[in-house]
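Listing of work.cif; format and content: mmCIF, C-alpha atoms, pLDDT in the B column; chains and numbers go by the auth columns.
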```
data_target
#
loop_
_atom_site.group_PDB
_atom_site.id
_atom_site.type_symbol
_atom_site.label_atom_id
_atom_site.label_comp_id
_atom_site.label_asym_id
_atom_site.label_seq_id
_atom_site.Cartn_x
_atom_site.Cartn_y
_atom_site.Cartn_z
_atom_site.B_iso_or_equiv
_atom_site.auth_seq_id
_atom_site.auth_asym_id
ATOM 1 C CA MET A 1 36.219 46.803 123.571 43.00 1 A
ATOM 2 C CA GLY A 2 32.673 47.721 124.649 46.00 2 A
ATOM 3 C CA ASP A 3 33.843 51.224 125.614 48.00 3 A
ATOM 4 C CA GLN A 4 35.382 51.638 122.146 47.00 4 A
ATOM 5 C CA MET A 5 32.160 50.536 120.445 43.00 5 A
ATOM 6 C CA ASP A 6 30.055 52.927 122.575 52.00 6 A
ATOM 7 C CA ARG A 7 32.440 55.786 121.774 52.00 7 A
ATOM 8 C CA ARG A 8 32.364 54.985 118.060 52.00 8 A
ATOM 9 C CA ALA A 9 28.537 54.897 118.105 49.00 9 A
ATOM 10 C CA LEU A 10 28.427 58.262 119.879 45.00 10 A
ATOM 11 C CA LEU A 11 30.801 59.770 117.323 48.00 11 A
ATOM 12 C CA ARG A 12 28.547 58.559 114.497 46.00 12 A
ATOM 13 C CA GLY A 13 25.558 60.198 116.191 45.00 13 A
ATOM 14 C CA GLY A 14 25.081 63.905 116.560 41.00 14 A
ATOM 15 C CA SER A 15 22.628 66.726 116.413 38.00 15 A
ATOM 16 C CA ILE A 16 21.571 68.887 113.496 35.00 16 A
ATOM 17 C CA ALA A 17 20.853 71.690 115.975 36.00 17 A
ATOM 18 C CA ALA A 18 24.456 71.442 117.174 40.00 18 A
ATOM 19 C CA ALA A 19 25.638 72.155 113.645 41.00 19 A
ATOM 20 C CA ALA A 20 24.057 75.595 113.823 37.00 20 A
ATOM 21 C CA VAL A 21 25.632 76.277 117.227 40.00 21 A
ATOM 22 C CA ALA A 22 29.044 75.104 116.015 45.00 22 A
ATOM 23 C CA ALA A 23 28.760 77.158 112.828 44.00 23 A
ATOM 24 C CA ALA A 24 28.024 80.230 114.946 42.00 24 A
ATOM 25 C CA ALA A 25 31.145 79.446 116.995 46.00 25 A
ATOM 26 C CA GLY A 26 33.267 79.166 113.827 48.00 26 A
ATOM 27 C CA THR A 27 33.766 75.396 113.818 48.00 27 A
ATOM 28 C CA SER A 28 32.337 72.429 111.942 46.00 28 A
ATOM 29 C CA VAL A 29 30.402 69.433 113.190 45.00 29 A
ATOM 30 C CA MET A 30 30.674 65.853 111.969 43.00 30 A
ATOM 31 C CA THR A 31 27.183 64.347 112.124 41.00 31 A
ATOM 32 C CA ALA A 32 25.881 61.217 110.522 37.00 32 A
ATOM 33 C CA GLY A 33 22.370 60.866 111.825 38.00 33 A
ATOM 34 C CA PRO A 34 19.309 62.499 113.359 37.00 34 A
ATOM 35 C CA ALA A 35 19.346 64.423 116.633 47.00 35 A
ATOM 36 C CA ALA A 36 20.637 62.335 119.518 45.00 36 A
ATOM 37 C CA ALA A 37 19.032 62.273 122.957 50.00 37 A
ATOM 38 C CA ASP A 38 22.470 62.774 124.534 55.00 38 A
ATOM 39 C CA PRO A 39 23.698 66.405 124.369 65.00 39 A
ATOM 40 C CA LEU A 40 27.253 65.206 123.664 71.00 40 A
ATOM 41 C CA VAL A 41 28.038 66.090 120.072 72.00 41 A
ATOM 42 C CA PRO A 42 31.164 65.225 118.056 76.00 42 A
ATOM 43 C CA VAL A 43 32.811 68.393 116.758 80.00 43 A
ATOM 44 C CA TYR A 44 35.559 68.539 114.119 84.00 44 A
ATOM 45 C CA LEU A 45 37.928 71.412 114.988 83.00 45 A
ATOM 46 C CA PRO A 46 40.446 72.383 112.276 87.00 46 A
ATOM 47 C CA ILE A 47 43.936 73.460 113.351 84.00 47 A
ATOM 48 C CA GLY A 48 47.339 74.016 111.788 80.00 48 A
ATOM 49 C CA PRO A 49 48.817 72.087 110.176 91.00 49 A
ATOM 50 C CA VAL A 50 51.106 71.486 113.152 89.00 50 A
ATOM 51 C CA ARG A 51 54.047 69.078 112.810 92.00 51 A
ATOM 52 C CA LEU A 52 53.792 66.607 115.687 91.00 52 A
ATOM 53 C CA TYR A 53 56.175 63.872 114.578 93.00 53 A
ATOM 54 C CA ASP A 54 58.944 63.327 112.018 96.00 54 A
ATOM 55 C CA SER A 55 60.811 60.011 112.179 96.00 55 A
ATOM 56 C CA ARG A 56 63.744 61.601 110.318 95.00 56 A
ATOM 57 C CA GLU A 57 64.312 63.804 113.377 94.00 57 A
ATOM 58 C CA GLU A 58 63.879 60.825 115.715 87.00 58 A
ATOM 59 C CA GLY A 59 66.711 59.061 113.880 81.00 59 A
ATOM 60 C CA ALA A 60 65.179 55.848 112.573 91.00 60 A
ATOM 61 C CA PRO A 61 62.585 54.811 110.014 95.00 61 A
ATOM 62 C CA ILE A 62 59.762 52.494 111.035 96.00 62 A
ATOM 63 C CA SER A 63 60.456 48.924 109.913 95.00 63 A
ATOM 64 C CA ARG A 64 58.393 45.956 108.787 94.00 64 A
ATOM 65 C CA ASN A 65 55.945 44.719 111.463 94.00 65 A
ATOM 66 C CA GLN A 66 57.011 47.478 113.882 95.00 66 A
ATOM 67 C CA THR A 67 54.371 49.466 115.777 96.00 67 A
ATOM 68 C CA ARG A 68 55.197 52.834 117.354 95.00 68 A
ATOM 69 C CA ASN A 69 53.025 54.163 120.148 93.00 69 A
ATOM 70 C CA LEU A 70 53.013 57.970 120.038 92.00 70 A
ATOM 71 C CA PHE A 71 51.699 60.876 122.143 85.00 71 A
ATOM 72 C CA ALA A 72 50.837 58.910 125.302 85.00 72 A
ATOM 73 C CA ASP A 73 49.670 61.266 128.063 79.00 73 A
ATOM 74 C CA SER A 74 50.377 64.351 125.937 70.00 74 A
ATOM 75 C CA THR A 75 46.778 65.119 124.982 60.00 75 A
ATOM 76 C CA PRO A 76 44.031 66.744 127.074 60.00 76 A
ATOM 77 C CA ARG A 77 41.854 63.635 127.572 60.00 77 A
ATOM 78 C CA ALA A 78 38.770 65.397 128.906 63.00 78 A
ATOM 79 C CA LEU A 79 37.898 66.647 125.423 70.00 79 A
ATOM 80 C CA LEU A 80 39.958 64.919 122.752 79.00 80 A
ATOM 81 C CA GLN A 81 38.490 61.851 121.062 85.00 81 A
ATOM 82 C CA GLY A 82 40.283 61.720 117.719 90.00 82 A
ATOM 83 C CA VAL A 83 42.866 63.361 115.497 90.00 83 A
ATOM 84 C CA CYS A 84 43.159 64.057 111.788 93.00 84 A
ATOM 85 C CA PHE A 85 46.637 64.048 110.255 93.00 85 A
ATOM 86 C CA ASN A 86 48.344 64.674 106.987 96.00 86 A
ATOM 87 C CA VAL A 87 50.548 61.579 107.022 97.00 87 A
ATOM 88 C CA THR A 88 53.573 61.555 104.726 97.00 88 A
ATOM 89 C CA ILE A 89 55.868 58.635 103.998 97.00 89 A
ATOM 90 C CA THR A 90 59.287 59.287 102.510 96.00 90 A
ATOM 91 C CA GLY A 91 62.366 57.219 101.730 94.00 91 A
ATOM 92 C CA THR A 92 60.412 54.010 101.285 94.00 92 A
ATOM 93 C CA VAL A 93 62.509 50.838 101.139 92.00 93 A
ATOM 94 C CA THR A 94 61.315 47.720 99.232 88.00 94 A
ATOM 95 C CA SER A 95 58.765 47.332 96.501 87.00 95 A
ATOM 96 C CA SER A 96 55.617 47.741 98.596 93.00 96 A
ATOM 97 C CA GLY A 97 54.288 48.498 102.033 95.00 97 A
ATOM 98 C CA PHE A 98 51.867 50.504 104.145 96.00 98 A
ATOM 99 C CA LEU A 99 51.389 52.396 107.379 96.00 99 A
ATOM 100 C CA ALA A 100 48.315 51.930 109.538 97.00 100 A
ATOM 101 C CA ILE A 101 47.287 54.552 112.108 97.00 101 A
ATOM 102 C CA PHE A 102 44.901 53.479 114.869 95.00 102 A
ATOM 103 C CA PRO A 103 44.108 54.104 118.567 93.00 103 A
ATOM 104 C CA GLY A 104 46.971 53.351 120.956 92.00 104 A
ATOM 105 C CA ASP A 105 44.920 50.985 123.118 92.00 105 A
ATOM 106 C CA GLU A 106 43.664 48.807 120.264 92.00 106 A
ATOM 107 C CA ALA A 107 45.120 45.988 118.201 93.00 107 A
ATOM 108 C CA TRP A 108 45.749 46.636 114.520 94.00 108 A
ATOM 109 C CA GLY A 109 42.509 45.985 112.608 92.00 109 A
ATOM 110 C CA GLY A 110 44.057 44.912 109.304 93.00 110 A
ATOM 111 C CA THR A 111 43.595 48.185 107.398 93.00 111 A
ATOM 112 C CA SER A 112 46.093 50.718 106.064 95.00 112 A
ATOM 113 C CA SER A 113 46.167 54.524 106.127 96.00 113 A
ATOM 114 C CA ILE A 114 48.754 55.025 103.382 96.00 114 A
ATOM 115 C CA ASN A 115 50.476 52.667 100.904 96.00 115 A
ATOM 116 C CA TRP A 116 53.577 52.649 98.708 95.00 116 A
ATOM 117 C CA ASP A 117 54.418 50.513 95.688 94.00 117 A
ATOM 118 C CA LYS A 118 58.104 51.134 94.952 93.00 118 A
ATOM 119 C CA PRO A 119 61.313 52.166 96.701 94.00 119 A
ATOM 120 C CA GLY A 120 62.212 55.829 97.160 95.00 120 A
ATOM 121 C CA GLN A 121 58.679 57.215 97.173 95.00 121 A
ATOM 122 C CA THR A 122 57.326 60.261 98.995 97.00 122 A
ATOM 123 C CA ILE A 123 53.529 60.141 99.334 97.00 123 A
ATOM 124 C CA ALA A 124 51.007 62.002 101.497 97.00 124 A
ATOM 125 C CA ASN A 125 47.495 61.104 102.588 97.00 125 A
ATOM 126 C CA ASN A 126 44.920 62.114 105.186 95.00 126 A
ATOM 127 C CA ALA A 127 44.209 59.886 108.188 95.00 127 A
ATOM 128 C CA LEU A 128 41.546 60.226 110.879 92.00 128 A
ATOM 129 C CA THR A 129 41.718 58.038 113.978 92.00 129 A
ATOM 130 C CA LEU A 130 40.363 57.891 117.482 90.00 130 A
ATOM 131 C CA VAL A 131 42.948 58.267 120.237 90.00 131 A
ATOM 132 C CA SER A 132 43.398 55.782 123.081 90.00 132 A
ATOM 133 C CA SER A 133 40.694 56.158 125.713 85.00 133 A
ATOM 134 C CA VAL A 134 43.356 55.205 128.288 86.00 134 A
ATOM 135 C CA ASP A 135 46.232 57.619 127.577 88.00 135 A
ATOM 136 C CA GLY A 136 45.376 59.574 124.399 86.00 136 A
ATOM 137 C CA SER A 137 47.985 57.765 122.295 90.00 137 A
ATOM 138 C CA ILE A 138 47.922 56.502 118.723 93.00 138 A
ATOM 139 C CA ASN A 139 49.744 53.590 117.094 96.00 139 A
ATOM 140 C CA VAL A 140 51.555 53.676 113.763 97.00 140 A
ATOM 141 C CA ARG A 141 52.252 50.233 112.274 97.00 141 A
ATOM 142 C CA CYS A 142 54.417 49.406 109.268 96.00 142 A
ATOM 143 C CA GLY A 143 53.569 46.530 106.994 94.00 143 A
ATOM 144 C CA ALA A 144 56.123 45.951 104.261 91.00 144 A
ATOM 145 C CA ALA A 145 57.874 43.293 102.256 88.00 145 A
ATOM 146 C CA ALA A 146 60.895 41.680 103.938 89.00 146 A
ATOM 147 C CA GLY A 147 63.493 44.322 104.805 90.00 147 A
ATOM 148 C CA GLY A 148 61.006 47.155 104.246 93.00 148 A
ATOM 149 C CA SER A 149 60.894 50.456 106.096 94.00 149 A
ATOM 150 C CA THR A 150 59.979 54.102 105.666 96.00 150 A
ATOM 151 C CA HIS A 151 60.259 57.427 107.401 96.00 151 A
ATOM 152 C CA PHE A 152 56.967 59.104 108.233 97.00 152 A
ATOM 153 C CA ILE A 153 55.721 62.550 109.178 97.00 153 A
ATOM 154 C CA LEU A 154 52.510 63.425 111.051 96.00 154 A
ATOM 155 C CA ASP A 155 51.075 66.930 110.667 95.00 155 A
ATOM 156 C CA LEU A 156 47.975 67.565 112.779 92.00 156 A
ATOM 157 C CA VAL A 157 45.203 69.273 110.788 93.00 157 A
ATOM 158 C CA ALA A 158 42.182 68.789 113.063 90.00 158 A
ATOM 159 C CA TYR A 159 40.923 67.124 116.178 85.00 159 A
ATOM 160 C CA LEU A 160 37.619 65.532 117.059 87.00 160 A
ATOM 161 C CA VAL A 161 36.139 66.436 120.435 82.00 161 A
ATOM 162 C CA LEU A 162 32.932 65.607 122.232 78.00 162 A
ATOM 163 C CA ILE A 163 31.197 68.746 123.436 73.00 163 A
ATOM 164 C CA ASP A 164 28.257 68.875 125.832 71.00 164 A
ATOM 165 C CA PHE A 165 26.294 71.640 124.113 66.00 165 A
ATOM 166 C CA GLY A 166 23.686 71.579 126.865 66.00 166 A
ATOM 167 C CA ALA A 167 26.380 72.640 129.346 65.00 167 A
ATOM 168 C CA VAL A 168 28.655 74.932 127.337 63.00 168 A
ATOM 169 C CA GLY A 169 26.773 76.467 124.402 62.00 169 A
ATOM 170 C CA ALA A 170 28.589 78.321 121.619 62.00 170 A
ATOM 171 C CA ALA A 171 30.682 80.533 123.942 65.00 171 A
ATOM 172 C CA GLY A 172 31.880 77.496 125.905 67.00 172 A
ATOM 173 C CA LEU A 173 32.760 75.691 122.679 65.00 173 A
ATOM 174 C CA LYS A 174 34.956 78.618 121.635 68.00 174 A
ATOM 175 C CA ALA A 175 36.707 78.621 125.056 70.00 175 A
ATOM 176 C CA GLN A 176 37.245 74.832 125.013 66.00 176 A
ATOM 177 C CA SER A 177 38.553 75.032 121.444 67.00 177 A
ATOM 178 C CA THR A 178 41.056 77.737 122.445 70.00 178 A
ATOM 179 C CA ARG A 179 42.273 75.665 125.444 69.00 179 A
ATOM 180 C CA LEU A 180 42.667 72.521 123.333 67.00 180 A
ATOM 181 C CA THR A 181 44.521 74.407 120.581 66.00 181 A
ATOM 182 C CA ALA A 182 46.956 75.807 123.166 69.00 182 A
ATOM 183 C CA ALA A 183 47.514 72.357 124.683 65.00 183 A
ATOM 184 C CA VAL A 184 48.204 70.782 121.274 61.00 184 A
ATOM 185 C CA ALA A 185 50.603 73.591 120.362 63.00 185 A
ATOM 186 C CA ALA A 186 52.446 73.106 123.673 66.00 186 A
ATOM 187 C CA ALA A 187 52.698 69.332 123.056 59.00 187 A
ATOM 188 C CA ALA A 188 54.060 69.980 119.549 56.00 188 A
ATOM 189 C CA ALA A 189 56.723 72.330 120.947 60.00 189 A
ATOM 190 C CA ARG A 190 58.131 69.583 123.221 58.00 190 A
#
```

Would you put the structure from the file into structure tokens?
Amino acid sequence: MGDQMDRRALLRGGSIAAAAVAAAAGTSVMTAGPAAADPLVPVYLPIGPVRLYDSREEGAPISRNQTRNLFADSTPRALLQGVCFNVTITGTVTSSGFLAIFPGDEAWGGTSSINWDKPGQTIANNALTLVSSVDGSINVRCGAAAGGSTHFILDLVAYLVLIDFGAVGAAGLKAQSTRLTAAVAAAAAR
């Protein structure tokens, strides 16, 4: 858990100077504080949307208290720290429920990413989560009333990477972004 806390703290940090470099490279930077001593800077890289998962194509909805681990070992771990999805639920069963999206190597923290309040709903929301530091996976958990389930769709809209600006500069950021985009597109095609 200490590694997760250190990673979360680093992602909350950042550098105002890096924002200018990232802007010059055509990306955006998520920063929440003053310049950090460490040159690693969290960078939010928009993509797509790219459909990565649709439970309707996998054949079964996710059911009450079920957790699905997705995308293990399919992400380039050297760069990728988090993902941002458009998450859609459709064909909800029962009067209420939720999906929670969280890192694949962590226990569910008790929060939800999207909720429904009646049967037959189709609802979309945005979800941002870190990926597993072990295998790059995420978990999707369903919490619903007895007998509840839903289909869900995950469309990737951005990823969060840590970039060492001291080592790569703006040109290196552009090259790393291109490599990561190609890797995500290849994973989506599988």

Practice item. Would you kindly translate the PyMOL selection byres ((chain A and resi 101) around 9) into the concrete residues it picks from this file, as number ranges by chain? Key: A: 99-100, 102-104, 108, 111-114, 127-129, 138-141

Exercise for review: To verify the selection step, state as a ChimeraX atom specification which residues the PyMOL selection byres ((chain A and resi 73) around 6) yields on this input.
Suggested key: /A:72,74-75,135-136

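Across the model, the gap from atom CA of A:Ile123 to atom CA of A:Ser63 is 16.9 Å.
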
Check your understanding: If you apply the PyMOL selection byres ((chain A and resi 88) around 7) to this file, what residues do you get, as a PyMOL selection string?
Key -> chain A and resi 86-87+89-90+122-125+152-154

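One finds atom CA of A:Ser149 at 27.8 Å from atom CA of A:Gly48.
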
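Residue nearest A:Ile163 within the list A:Thr94, A:Ser137, A:Gln81, A:Thr178: A:Gln81 [criterion: smallest interatomic distance, all atoms listed in the file].
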
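Atom CA of A:Val131 is found 5.0 Å from atom CA of A:Gly82.
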
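The neighbours of A:Ala158 here are the residues that come within 8 Å of it, using all atoms listed in the file and leaving out any residue fewer than 2 positions away in the same chain; they are Tyr44, Leu45, Pro46, Ile47, Gly48, Pro49, Val83, Cys84, Phe85, Leu156 and Leu160 of chain A.
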
Selection to disk with C-alpha atoms, as an mmCIF file, in the frame of the given file:
```cif
data_model
loop_
_atom_site.group_PDB
_atom_site.id
_atom_site.type_symbol
_atom_site.label_atom_id
_atom_site.label_comp_id
_atom_site.auth_asym_id
_atom_site.auth_seq_id
_atom_site.Cartn_x
_atom_site.Cartn_y
_atom_site.Cartn_z
ATOM 1 C CA TYR A 44 35.559 68.539 114.119
ATOM 2 C CA LEU A 45 37.928 71.412 114.988
ATOM 3 C CA PRO A 46 40.446 72.383 112.276
ATOM 4 C CA ILE A 47 43.936 73.460 113.351
ATOM 5 C CA GLY A 48 47.339 74.016 111.788
ATOM 6 C CA PRO A 49 48.817 72.087 110.176
ATOM 7 C CA VAL A 83 42.866 63.361 115.497
ATOM 8 C CA CYS A 84 43.159 64.057 111.788
ATOM 9 C CA PHE A 85 46.637 64.048 110.255
ATOM 10 C CA LEU A 156 47.975 67.565 112.779
ATOM 11 C CA LEU A 160 37.619 65.532 117.059
#
```

Revision key, fill the gap. Judged by only C-alpha atoms, the minimum distance to A:Phe98 among A:Leu70, A:Tyr159, A:Ile62, A:Leu79 is found for A:Ile62

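You can rank A:His151, A:Asn115, A:Asp164, A:Gly109 by their closest distance to A:Ala60 using only C-alpha atoms, and at the top of that list sits A:His151.
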